[in-house]
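Undergrad: To be precise about what I am sending: the file is called data05.cif and holds mmCIF, C-alpha atoms.
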```
data_run
loop_
_atom_site.label_atom_id
_atom_site.label_comp_id
_atom_site.auth_asym_id
_atom_site.auth_seq_id
_atom_site.Cartn_x
_atom_site.Cartn_y
_atom_site.Cartn_z
CA ALA J 559 16.55 4.06 -1.13
CA GLN J 560 14.12 2.81 -3.69
CA THR J 561 11.74 5.22 -5.38
CA VAL J 562 8.60 4.61 -7.41
CA THR J 563 7.32 7.18 -9.91
CA GLN J 564 3.89 7.39 -11.47
CA SER J 565 3.94 10.32 -13.86
CA GLN J 566 0.25 10.27 -14.78
CA PRO J 567 -1.89 11.79 -12.00
CA GLU J 568 -5.07 11.14 -14.01
CA MET J 569 -6.09 8.97 -16.94
CA SER J 570 -9.37 8.45 -18.77
CA VAL J 571 -10.60 5.52 -20.82
CA GLN J 572 -13.80 4.70 -22.64
CA GLU J 573 -15.70 1.67 -21.49
CA ALA J 574 -14.56 -1.50 -23.30
CA GLU J 575 -11.31 0.18 -24.42
CA THR J 576 -7.75 -0.50 -23.27
CA VAL J 577 -5.66 1.77 -21.09
CA THR J 578 -2.06 1.59 -19.89
CA LEU J 579 -0.85 3.09 -16.63
CA SER J 580 2.85 3.86 -16.32
CA CYS J 581 5.23 3.20 -13.48
CA THR J 582 8.99 3.51 -13.22
CA TYR J 583 11.19 2.67 -10.28
CA ASP J 584 14.74 3.12 -9.17
CA THR J 585 16.69 0.44 -7.35
CA SER J 586 20.14 -1.06 -7.17
CA GLU J 587 18.78 -4.45 -6.14
CA SER J 588 18.39 -7.39 -8.48
CA ASP J 589 15.80 -9.28 -6.44
CA TYR J 590 12.53 -7.51 -5.83
CA TYR J 591 8.78 -7.59 -6.34
CA LEU J 592 6.46 -5.13 -8.01
CA PHE J 593 2.78 -4.68 -7.38
CA TRP J 594 -0.24 -2.79 -8.63
CA TYR J 595 -2.89 -1.95 -6.06
CA LYS J 596 -6.34 -0.58 -6.79
CA GLN J 597 -8.11 1.81 -4.42
CA PRO J 598 -11.78 2.39 -5.28
CA PRO J 599 -13.86 5.09 -3.58
CA SER J 600 -14.43 2.69 -0.68
CA ARG J 601 -10.76 3.31 0.19
CA GLN J 602 -9.98 -0.40 0.43
CA MET J 603 -6.57 -1.32 -1.01
CA ILE J 604 -6.97 -4.25 -3.38
CA LEU J 605 -4.08 -6.16 -4.93
CA VAL J 606 -4.44 -6.24 -8.70
CA ILE J 607 -1.30 -7.99 -9.87
CA ARG J 608 2.19 -8.97 -8.74
CA GLN J 609 5.47 -9.47 -10.61
CA GLU J 610 8.64 -11.13 -9.39
CA ALA J 611 11.73 -9.50 -10.86
CA TYR J 612 13.42 -12.85 -11.54
CA LYS J 613 10.56 -13.90 -13.81
CA GLN J 614 10.87 -12.81 -17.42
CA GLN J 615 7.27 -13.61 -18.21
CA ASN J 616 4.86 -10.76 -17.67
CA ALA J 617 2.17 -11.40 -15.07
CA THR J 618 -1.46 -11.58 -16.16
CA GLU J 619 -4.68 -11.64 -14.16
CA ASN J 620 -7.77 -11.81 -16.36
CA ARG J 621 -8.13 -8.34 -17.98
CA PHE J 622 -5.06 -6.99 -16.20
CA SER J 623 -1.54 -7.51 -17.47
CA VAL J 624 1.82 -5.88 -16.97
CA ASN J 625 4.70 -4.93 -19.22
CA PHE J 626 7.78 -5.48 -17.08
CA GLN J 627 10.97 -4.05 -18.55
CA LYS J 628 13.66 -4.81 -15.99
CA ALA J 629 16.52 -3.05 -17.76
CA ALA J 630 14.45 0.07 -18.21
CA LYS J 631 13.02 -0.24 -14.68
CA SER J 632 9.53 0.12 -16.03
CA PHE J 633 6.38 -1.65 -14.85
CA SER J 634 3.22 -0.59 -16.68
CA LEU J 635 -0.29 -1.92 -16.11
CA LYS J 636 -2.60 -2.63 -19.03
CA ILE J 637 -6.33 -2.88 -18.44
CA SER J 638 -8.24 -4.44 -21.31
CA ASP J 639 -11.98 -4.19 -21.93
CA SER J 640 -12.28 -1.45 -19.29
CA GLN J 641 -15.34 -1.55 -17.09
CA LEU J 642 -17.02 1.08 -14.93
CA GLY J 643 -15.87 -0.84 -11.88
CA ASP J 644 -12.25 -0.27 -12.88
CA ALA J 645 -12.56 3.41 -11.98
CA ALA J 646 -10.22 3.88 -9.04
CA MET J 647 -6.85 5.15 -7.90
CA TYR J 648 -4.09 2.79 -8.93
CA PHE J 649 -0.83 2.55 -7.03
CA CYS J 650 2.39 0.98 -8.17
CA ALA J 651 4.54 -0.43 -5.37
CA TYR J 652 8.01 -1.92 -4.89
CA ARG J 653 9.27 -4.42 -2.36
CA SER J 654 12.78 -5.65 -1.84
CA GLY J 655 13.33 -9.36 -2.29
CA GLU J 656 15.91 -9.52 0.47
CA VAL J 657 14.72 -10.79 3.83
CA THR J 658 16.83 -8.58 6.08
CA GLY J 659 14.55 -8.31 9.07
CA GLY J 660 13.06 -5.16 7.64
CA GLY J 661 9.73 -6.70 6.86
CA ASN J 662 7.93 -6.80 3.55
CA LYS J 663 7.83 -3.03 3.39
CA LEU J 664 6.25 -1.53 0.30
CA THR J 665 7.33 1.71 -1.32
CA PHE J 666 4.42 3.28 -3.18
CA GLY J 667 4.13 5.65 -6.09
CA THR J 668 1.85 8.67 -5.87
CA GLY J 669 -0.98 7.01 -7.75
CA THR J 670 -2.93 7.41 -10.99
CA GLN J 671 -6.63 8.24 -10.85
CA LEU J 672 -8.40 6.27 -13.57
CA LYS J 673 -11.76 7.46 -14.87
CA VAL J 674 -13.91 5.19 -17.01
CA GLU J 675 -16.37 6.94 -19.30
CA LEU J 676 -19.44 5.58 -21.03
CA ASN B 322 -12.80 -14.10 8.41
CA ALA B 323 -12.29 -10.44 9.27
CA GLY B 324 -8.74 -9.99 7.92
CA VAL B 325 -7.40 -6.64 9.10
CA THR B 326 -9.72 -4.47 11.20
CA GLN B 327 -9.03 -0.85 12.07
CA THR B 328 -10.81 1.17 14.73
CA PRO B 329 -12.02 3.84 14.70
CA LYS B 330 -12.88 4.50 11.05
CA PHE B 331 -13.28 8.23 11.56
CA ARG B 332 -12.09 10.61 14.24
CA VAL B 333 -11.89 14.36 14.69
CA LEU B 334 -9.35 15.72 17.17
CA LYS B 335 -8.32 19.12 18.39
CA THR B 336 -4.69 20.15 18.22
CA GLY B 337 -2.82 18.77 21.22
CA GLN B 338 -5.21 15.94 21.96
CA SER B 339 -4.03 12.35 22.02
CA MET B 340 -5.53 9.23 20.55
CA THR B 341 -4.78 5.64 19.63
CA LEU B 342 -5.65 3.79 16.45
CA LEU B 343 -6.09 0.06 16.87
CA CYS B 344 -5.27 -2.52 14.22
CA ALA B 345 -6.22 -6.16 14.67
CA GLN B 346 -5.52 -9.05 12.30
CA ASP B 347 -6.75 -12.61 12.56
CA MET B 348 -4.44 -14.24 9.99
CA ASN B 349 -1.55 -14.93 12.39
CA HIS B 350 0.71 -12.69 10.29
CA GLU B 351 4.13 -11.93 11.72
CA TYR B 352 4.54 -8.49 10.16
CA MET B 353 2.35 -5.44 10.63
CA TYR B 354 2.57 -1.90 9.29
CA TRP B 355 1.09 1.55 9.64
CA TYR B 356 0.91 3.80 6.56
CA ARG B 357 -0.51 7.25 6.04
CA GLN B 358 -2.08 8.40 2.79
CA ASP B 359 -2.09 12.04 1.75
CA PRO B 360 -3.28 13.53 -1.54
CA GLY B 361 -0.58 13.45 -4.19
CA MET B 362 1.84 11.55 -1.98
CA GLY B 363 0.73 7.95 -2.11
CA LEU B 364 1.13 5.81 0.99
CA ARG B 365 4.08 6.40 3.28
CA LEU B 366 5.28 4.02 5.96
CA ILE B 367 5.09 5.34 9.52
CA HIS B 368 6.18 2.37 11.65
CA TYR B 369 6.24 -1.37 11.28
CA SER B 370 6.70 -4.49 13.37
CA VAL B 371 8.32 -7.78 12.49
CA GLY B 372 7.00 -9.59 15.54
CA GLU B 373 5.40 -9.36 18.94
CA GLY B 374 7.26 -6.90 21.14
CA THR B 375 9.26 -5.37 18.28
CA THR B 376 8.74 -2.12 16.37
CA ALA B 377 10.77 -0.07 13.92
CA LYS B 378 10.61 3.33 12.29
CA GLY B 379 9.49 3.79 8.73
CA GLU B 380 9.74 6.77 6.42
CA VAL B 381 7.67 9.29 8.43
CA PRO B 382 7.75 8.26 12.13
CA ASP B 383 7.88 11.67 13.82
CA GLY B 384 4.92 12.46 16.06
CA TYR B 385 3.79 8.82 16.29
CA ASN B 386 4.42 5.94 18.63
CA VAL B 387 3.49 2.28 18.22
CA SER B 388 3.24 -0.82 20.29
CA ARG B 389 2.78 -4.48 19.56
CA LEU B 390 2.16 -6.25 22.82
CA LYS B 391 0.18 -9.02 21.17
CA LYS B 392 0.89 -10.62 17.82
CA GLN B 393 -2.53 -9.82 16.46
CA ASN B 394 -2.63 -6.15 17.48
CA PHE B 395 -0.64 -3.12 16.37
CA LEU B 396 -1.44 0.22 17.98
CA LEU B 397 -0.60 3.64 16.55
CA GLY B 398 -0.55 6.51 19.02
CA LEU B 399 -0.58 10.26 18.57
CA GLU B 400 0.53 11.88 21.83
CA SER B 401 -0.12 15.48 20.81
CA ALA B 402 -2.02 15.70 17.54
CA ALA B 403 -1.11 18.36 14.99
CA PRO B 404 -3.00 19.53 11.89
CA SER B 405 -0.20 18.02 9.77
CA GLN B 406 -1.33 14.61 10.99
CA THR B 407 -4.68 14.98 9.27
CA SER B 408 -4.62 11.99 6.97
CA VAL B 409 -6.03 8.59 6.18
CA TYR B 410 -4.21 5.87 8.07
CA PHE B 411 -3.91 2.31 6.84
CA CYS B 412 -2.83 -0.73 8.75
CA ALA B 413 -1.55 -3.78 6.91
CA SER B 414 -0.16 -7.19 7.75
CA SER B 415 1.78 -9.91 5.96
CA TRP B 416 3.60 -13.20 6.38
CA ARG B 417 7.30 -13.07 7.09
CA THR B 418 8.75 -14.73 4.02
CA GLY B 419 8.30 -15.02 0.32
CA ALA B 420 6.45 -12.73 -2.02
CA ASN B 421 3.75 -12.39 0.53
CA VAL B 422 1.48 -9.52 -0.23
CA LEU B 423 0.22 -7.05 2.29
CA THR B 424 -3.39 -7.30 3.44
CA PHE B 425 -4.78 -3.86 4.22
CA GLY B 426 -7.43 -2.63 6.58
CA ALA B 427 -10.17 -0.30 5.40
CA GLY B 428 -8.43 2.83 6.62
CA SER B 429 -9.07 5.38 9.35
CA ARG B 430 -9.70 9.01 8.48
CA LEU B 431 -8.29 11.36 11.09
CA THR B 432 -8.90 15.10 11.08
CA VAL B 433 -6.97 17.38 13.43
CA LEU B 434 -8.46 20.85 13.84
#
```
Go ahead and render the structure in this file as structure tokens.

TA:
Amino acid sequence: AQTVTQSQPEMSVQEAETVTLSCTYDTSESDYYLFWYKQPPSRQMILVIRQEAYKQQNATENRFSVNFQKAAKSFSLKISDSQLGDAAMYFCAYRSGEVTGGGNKLTFGTGTQLKVEL
Amino acid sequence: NAGVTQTPKFRVLKTGQSMTLLCAQDMNHEYMYWYRQDPGMGLRLIHYSVGEGTTAKGEVPDGYNVSRLKKQNFLLGLESAAPSQTSVYFCASSWRTGANVLTFGAGSRLTVL
């Protein structure tokens, strides 16, 4: 079974600075997808960024980018120019790329609570 | 466009009572899921469905039942609620193929006394 580990329960960043959230995963599969979800106090789960394992290029979405190291099974999220609205719980998630009838099930990490300070 | 709607948003139960959480999606997604979120444990999959009339167990299915009689609805039932089922429950849906991301509902907070 795949596992996802987020070793930083809490992180803090100053407004306008850059922060990196860590995520490692364990899998024997070669085809898979990785995701970062944001959960603000409203509780709504919001997709931040997605990475396909077969793509060598790191995904980028505006101020959010990832450092995907497939051999090391590492998938970190970098937030640049942090804003107060970035304060949230961030979850890393894994999904198998194989369509086996098991659905697009996600396996989540335990989350990192990000605080943004003035 | 409502997306994924969960009802109720909050509920307090006594131990042993039963209840049903309703999830409705209007995106014609084939797949639907129920997750629970507990502090320090992330989201864990309870049950999921790959189509109307089909359901399957996830990581933590004990104490829950589900039904998907209509494609747009996925019901999560607690037959005899226990304090260990106090949690926030999320429903999600997705397309069947590709790197299709999950769309989540807003969550339902359930407290079992």

Undergrad: For each of B:Leu399, B:Val387, B:Ala323, B:Cys412, take the minimum atom-to-atom distance to chain J, counting all atoms listed in the file, then give the residue where this is smallest.

TA: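 Between B:Leu399, B:Val387, B:Ala323, B:Cys412, the residue approaching chain J most closely is B:Cys412.
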
Undergrad: Selected by the PyMOL selection byres ((chain B and resi 363-373) around 6) in the shown coordinates: which residues, as a list in words?

TA: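 Applying the PyMOL selection byres ((chain B and resi 363-373) around 6) to the structure shown produces Gly661, Phe666, Gly667, Thr668 and Gly669 of chain J; Glu351, Tyr352, Met353, Tyr354, Trp355, Tyr356, Arg357, Gln358, Met362, Gly374, Thr375, Thr376, Ala377, Lys378, Gly379, Glu380, Val381, Pro382, Arg389, Leu390, Lys391 and Lys392 of chain B.
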
Undergrad: Could you tell me which residues the PyMOL selection byres ((chain B and resi 333-344) around 8) grabs in this file, written as a PyMOL selection string?

TA: chain B and resi 325-329+331-332+345-346+394-404+412+426+431-434

Undergrad: Need the shell around Leu579 of chain J: protein/DNA/RNA residues with any atom at most 9 Å away, counting all atoms listed in the file. Skip same-chain ones fewer than 4 positions apart. Format as a short mmCIF file (atom, residue, chain, number, x, y, z; two decimals) with C-alpha atoms, in the coordinates of the input?

TA:
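Below is the file part24.cif, written as the result:
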```cif
data_model
loop_
_atom_site.label_atom_id
_atom_site.label_comp_id
_atom_site.auth_asym_id
_atom_site.auth_seq_id
_atom_site.Cartn_x
_atom_site.Cartn_y
_atom_site.Cartn_z
CA GLN J 564 3.89 7.39 -11.47
CA GLN J 566 0.25 10.27 -14.78
CA MET J 569 -6.09 8.97 -16.94
CA PHE J 633 6.38 -1.65 -14.85
CA SER J 634 3.22 -0.59 -16.68
CA LEU J 635 -0.29 -1.92 -16.11
CA LYS J 636 -2.60 -2.63 -19.03
CA ILE J 637 -6.33 -2.88 -18.44
CA TYR J 648 -4.09 2.79 -8.93
CA THR J 670 -2.93 7.41 -10.99
CA LEU J 672 -8.40 6.27 -13.57
#
```

Undergrad: Between J:Thr618, J:Gln602, J:Ser588, J:Ser632, which residue has the minimum interatomic distance to chain B, considering all atoms listed in the file?

TA: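 Smallest separation from chain B among the options: J:Gln602.
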
Undergrad: Written as a tab-separated table (two decimals) with C-alpha atoms, in the frame of the given file, what is the full residue list that the PyMOL selection byres ((chain J and resi 631) around 7) yields on the file shown?

TA:
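Wrote out_5.tsv, looks like this:
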```tsv
chain	number	residue	atom	x	y	z
J	582	THR	CA	8.99	3.51	-13.22
J	583	TYR	CA	11.19	2.67	-10.28
J	584	ASP	CA	14.74	3.12	-9.17
J	627	GLN	CA	10.97	-4.05	-18.55
J	628	LYS	CA	13.66	-4.81	-15.99
J	629	ALA	CA	16.52	-3.05	-17.76
J	630	ALA	CA	14.45	0.07	-18.21
J	632	SER	CA	9.53	0.12	-16.03
J	633	PHE	CA	6.38	-1.65	-14.85
```

Undergrad: Could you work out how far atom CA of Glu575 of chain J lies from atom CA of Asp639 of chain J, giving the answer in Å with one decimal?

TA: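 The value is 5.1 Å.
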
Undergrad: Any idea which chain J residues end up within 9 Å of chain B if we count only C-alpha atoms, as number ranges by chain please?

TA: J: 567, 590-591, 593, 600-605, 608, 610, 649, 653, 655, 657, 659-669

Undergrad: Those same residues, written as an mmCIF file, in the frame of the given file with C-alpha atoms?

TA:
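In the end it all went to again-v1.cif:
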```cif
data_model
loop_
_atom_site.group_PDB
_atom_site.id
_atom_site.type_symbol
_atom_site.label_atom_id
_atom_site.label_comp_id
_atom_site.auth_asym_id
_atom_site.auth_seq_id
_atom_site.Cartn_x
_atom_site.Cartn_y
_atom_site.Cartn_z
ATOM 1 C CA PRO J 567 -1.890 11.790 -12.000
ATOM 2 C CA TYR J 590 12.530 -7.510 -5.830
ATOM 3 C CA TYR J 591 8.780 -7.590 -6.340
ATOM 4 C CA PHE J 593 2.780 -4.680 -7.380
ATOM 5 C CA SER J 600 -14.430 2.690 -0.680
ATOM 6 C CA ARG J 601 -10.760 3.310 0.190
ATOM 7 C CA GLN J 602 -9.980 -0.400 0.430
ATOM 8 C CA MET J 603 -6.570 -1.320 -1.010
ATOM 9 C CA ILE J 604 -6.970 -4.250 -3.380
ATOM 10 C CA LEU J 605 -4.080 -6.160 -4.930
ATOM 11 C CA ARG J 608 2.190 -8.970 -8.740
ATOM 12 C CA GLU J 610 8.640 -11.130 -9.390
ATOM 13 C CA PHE J 649 -0.830 2.550 -7.030
ATOM 14 C CA ARG J 653 9.270 -4.420 -2.360
ATOM 15 C CA GLY J 655 13.330 -9.360 -2.290
ATOM 16 C CA VAL J 657 14.720 -10.790 3.830
ATOM 17 C CA GLY J 659 14.550 -8.310 9.070
ATOM 18 C CA GLY J 660 13.060 -5.160 7.640
ATOM 19 C CA GLY J 661 9.730 -6.700 6.860
ATOM 20 C CA ASN J 662 7.930 -6.800 3.550
ATOM 21 C CA LYS J 663 7.830 -3.030 3.390
ATOM 22 C CA LEU J 664 6.250 -1.530 0.300
ATOM 23 C CA THR J 665 7.330 1.710 -1.320
ATOM 24 C CA PHE J 666 4.420 3.280 -3.180
ATOM 25 C CA GLY J 667 4.130 5.650 -6.090
ATOM 26 C CA THR J 668 1.850 8.670 -5.870
ATOM 27 C CA GLY J 669 -0.980 7.010 -7.750
#
```
